[in-house]
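Enquirer: Mind having a look at this structure? Questions to follow.
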Amino acid sequence: MAKIAGKRILVTGGAGFIGSNLCDALLAAGAEKVVCLDNFFLGKMENIAEAMKDERFVLYRDDARQFGVVQSILEKEKTEVVFNMATIALNYSFFNPFDAYLDNVQIANTLLELMKVGAFQTLIHTSSSEAYGTAQYSPMDENHPTNPTTPYAAGKAAADLMVHSFYKVLGLDISIVRPFNNYGPRQNAEGGLAGIIPATARRIRQGQMPVVEGDGEQSRDFIYVGDTVRALILAYEHEESRGQIINLGSGTDISINHLLKTICDCMGYTGEWEHRPARKSDVRKLCADASKARKLLGFEPQVSFEEGIARTLEWYGERYQ
Ligand SMILES: NC(=O)c1ccc[n+]([C@@H]2O[C@H](COP(=O)([O-])OP(=O)(O)OC[C@H]3O[C@@H](n4cnc5c(N)ncnc54)[C@H](O)[C@@H]3O)[C@@H](O)[C@H]2O)c1
């Protein structure tokens with residue numbers, strides 16, 4: 001079994017929501033060096049404020065698409081493992097579909113080219129349940145067809161195919177994890193790219209109504225970010241995961257109506273909701289078959305939905321009064 005302790009690790013997108021939580025977890029697990037590469041499209045310095053205090057952590061504010069950039073960093077930092085967490089948020093697809101698509105594909109391409117020439121040993125590549133599109137059956141196992149409905153998701157699916165084919169042809173040391181909907185501290189709370197949980201909490205705090213798009217019966221499989229980060233590390237450590245695509249979800253889907261009601265209950269909000277038309281290309285249902293992660297990684301989410309929502313709202317409450 002591989003060990004994170006003592007490893008030199010690059011995290012692309014390390015100043016983002018999941019990436020920054022991962023950086024903290026890697027430092028806590030005894031990594032020798034954690035190198036964060038982020039272009040700050042959505043990354044935030046406050047996300048890595050704690051990590052920055054650790055002398056084993058180093059930040060590069062640059063573009064993970066660029067071969068020369070990543071090559072120089074890998075050489076300088078003598079990195080052995082890469083966790084690819086960089087992406088441009090799904091909602092950006094509606095504004096600039098080309099960049100939303102290409103960011104996913106080009107970063108994967110750069111990492112694979114560098115891996116092919118031995119610039120680092122192991123890649124833990126992050127996919128997304130959005131690659132599947134709406135559930136054709138439920139729960140969705142890893143053999144579920146991919147039918148992406150947004151350029152973001154198309155970019156994730158395309159990158160997955162590329163990464164998986166490089167594993168097959170070149171036998172590179174690669175695992176692909178496919179998280180379902182993450183939530184928790186540090187998810188972006190501002191502007192049009194905000195996650196639904198922080199955006200709803202912010203609206204309620206500011207005296208606005210929560211917004212529901214469509215009938216609210218579209219559902220997602222929510223997983224707390226701390227659980228995802230633990231599973232990412234397990235995916236590195238369990239070498240049986242090489243060449244595999246592994247869902248990371250709870251195995252239960254929750255409707256947006258139920259999610260909003262839970263947030264309202266937690267925040268003591270009893271007012272009306274604002275109804276808006278359904279989002280174009282919105283996926284109707286996502287629910288993970290989580291058995292492969294259980295079998296290959298011994299992974300089981302530990303934070304229940306209710307507990308996770310309570311922790312998340314407390315975290316946002318402390319920061320955004
Ligand atoms: N949040 C979720 O619910 C969810 C669900 C499934 C999969 N994922 C995947 O998990 C990973 C992390 O997602 P997240 O929610 O933390 O997103 P995020 O937007 O919070 O973080 C992504 C980070 O990547 C950075 N970035 C984007 N393009 C870059 C580039 N070219 N070079 C360097 N940095 C770049 C951004 O600035 C940002 O900090 C992504 O691969 C995403 O597709 C997320």
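Residues in the structure tokens are numbered from 1 in each chain, the chains being A, B, ... in the order shown, and ligands are numbered from 1 in the order shown.
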Could you pull out the helix (DSSP H, G or I) residues of segment 87-274 of chain A from DSSP and send them as a PyMOL selection string?
Expert: chain A and resi 90-94+97-116+129-132+151-170+191-193+196-205+225-237+239-241+256-267
Enquirer: Residues at most 9 Å from segment 13-20 of chain A, counting only C-alpha atoms, excluding those fewer than 3 positions away in the same chain, as a count of residues only?
Expert: 37
Enquirer: Using only C-alpha atoms, which residues sit within 10 Å of Leu260 of chain A once same-chain residues fewer than 5 positions away are excluded, as a ChimeraX atom specification?
Expert: /A:196-197,200-201,210-212,216,255,265-266,273
Enquirer: Give me every strand (DSSP E or B) residue in segment 159-308 of chain A, going by DSSP on the backbone, as a list of chain:residue names.
Expert: A:Asp173, A:Ile174, A:Ser175, A:Ile176, A:Val177, A:Arg178, A:Pro179, A:Asn181, A:Asn182, A:Tyr183, A:Val211, A:Val212, A:Glu213, A:Ser219, A:Arg220, A:Phe222, A:Ile223, A:Tyr224, A:Ile245, A:Ile246, A:Asn247, A:Leu248, A:Ile254, A:Ser255, A:Glu274, A:His275, A:Arg276, A:Lys285, A:Ala288
Enquirer: Select, from A:Thr110, A:Ala5, A:Leu172, A:Ala89, the residue with the minimum atom-to-atom distance to Val70 of chain A, counting only C-alpha atoms.
Expert: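 Result for the nearest residue to Val70 of chain A: A:Thr110.
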Enquirer: Find the residues near Ala189 of chain A: any atom within 7 Å, counting only C-alpha atoms, skip ones fewer than 6 places away on the same chain, and give them as a PyMOL selection string.
Expert: chain A and resi 195+198-199
Enquirer: Contacts of Gly171 of chain A at 12 Å or less, counting only C-alpha atoms, minus same-chain residues fewer than 6 places along, as an MDAnalysis selection string?
Expert: chainID A and resid 112 115:116 121:123 163:165 242:243
Enquirer: At most 8 Å is the cut-off: for each residue in segment 69-126 of chain A with any atom that close to an atom of segment 145-151 of chain A, write down the nearest atom pair and the distance in Å rounded to one decimal, counting only C-alpha atoms, chain first then increasing number, as a Markdown table.
Expert:
| residue | atom | partner | partner_atom | distance |
| --- | --- | --- | --- | --- |
| A:Leu90 | CA | A:Thr150 | CA | 7.6 |
| A:Ser93 | CA | A:Pro151 | CA | 5.7 |
| A:Pro97 | CA | A:Pro151 | CA | 5.5 |
| A:Phe98 | CA | A:Pro151 | CA | 7.3 |
| A:Ala100 | CA | A:Pro151 | CA | 6.3 |
| A:Tyr101 | CA | A:Pro151 | CA | 5.0 |
Enquirer: When you look at Arg294 of chain A with a cut-off of 10 Å (counting only C-alpha atoms), what residues show up, excluding the ones that are within fewer than 5 positions of it in the same chain? I need them as a PyMOL selection string.
Expert: chain A and resi 231+246-248+289+299-301
Enquirer: Restricting it to C-alpha atoms, dump the selection as a PDB file, in the first residue's frame.
Expert:
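Output contents, as saved in again_36.pdb:
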ATOM      1  CA  ALA A 231     -11.478   9.071  -0.196  1.00  0.00           C
ATOM      2  CA  ILE A 246     -14.565   5.092  -8.687  1.00  0.00           C
ATOM      3  CA  ASN A 247     -17.767   6.870  -7.655  1.00  0.00           C
ATOM      4  CA  LEU A 248     -17.631   8.931  -4.456  1.00  0.00           C
ATOM      5  CA  ASP A 289     -23.820   3.292  -6.442  1.00  0.00           C
ATOM      6  CA  PHE A 299     -14.441   3.947   1.974  1.00  0.00           C
ATOM      7  CA  GLU A 300     -17.712   4.817   3.671  1.00  0.00           C
ATOM      8  CA  PRO A 301     -18.899   8.425   4.104  1.00  0.00           C
TER       9      PRO A 301
END
Enquirer: Would you work out the distance separating atom CA of Gly298 of chain A from atom CA of Leu111 of chain A, expressed in Å to one decimal?
Expert: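 Answer for the atom CA of Gly298 of chain A to atom CA of Leu111 of chain A separation: 27.6 Å.
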Enquirer: Can you measure atom CA of Val58 of chain A to atom CA of Lys76 of chain A for me? One decimal in Å is fine.
Expert: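 Atom CA of Lys76 of chain A lies 11.5 Å from atom CA of Val58 of chain A.
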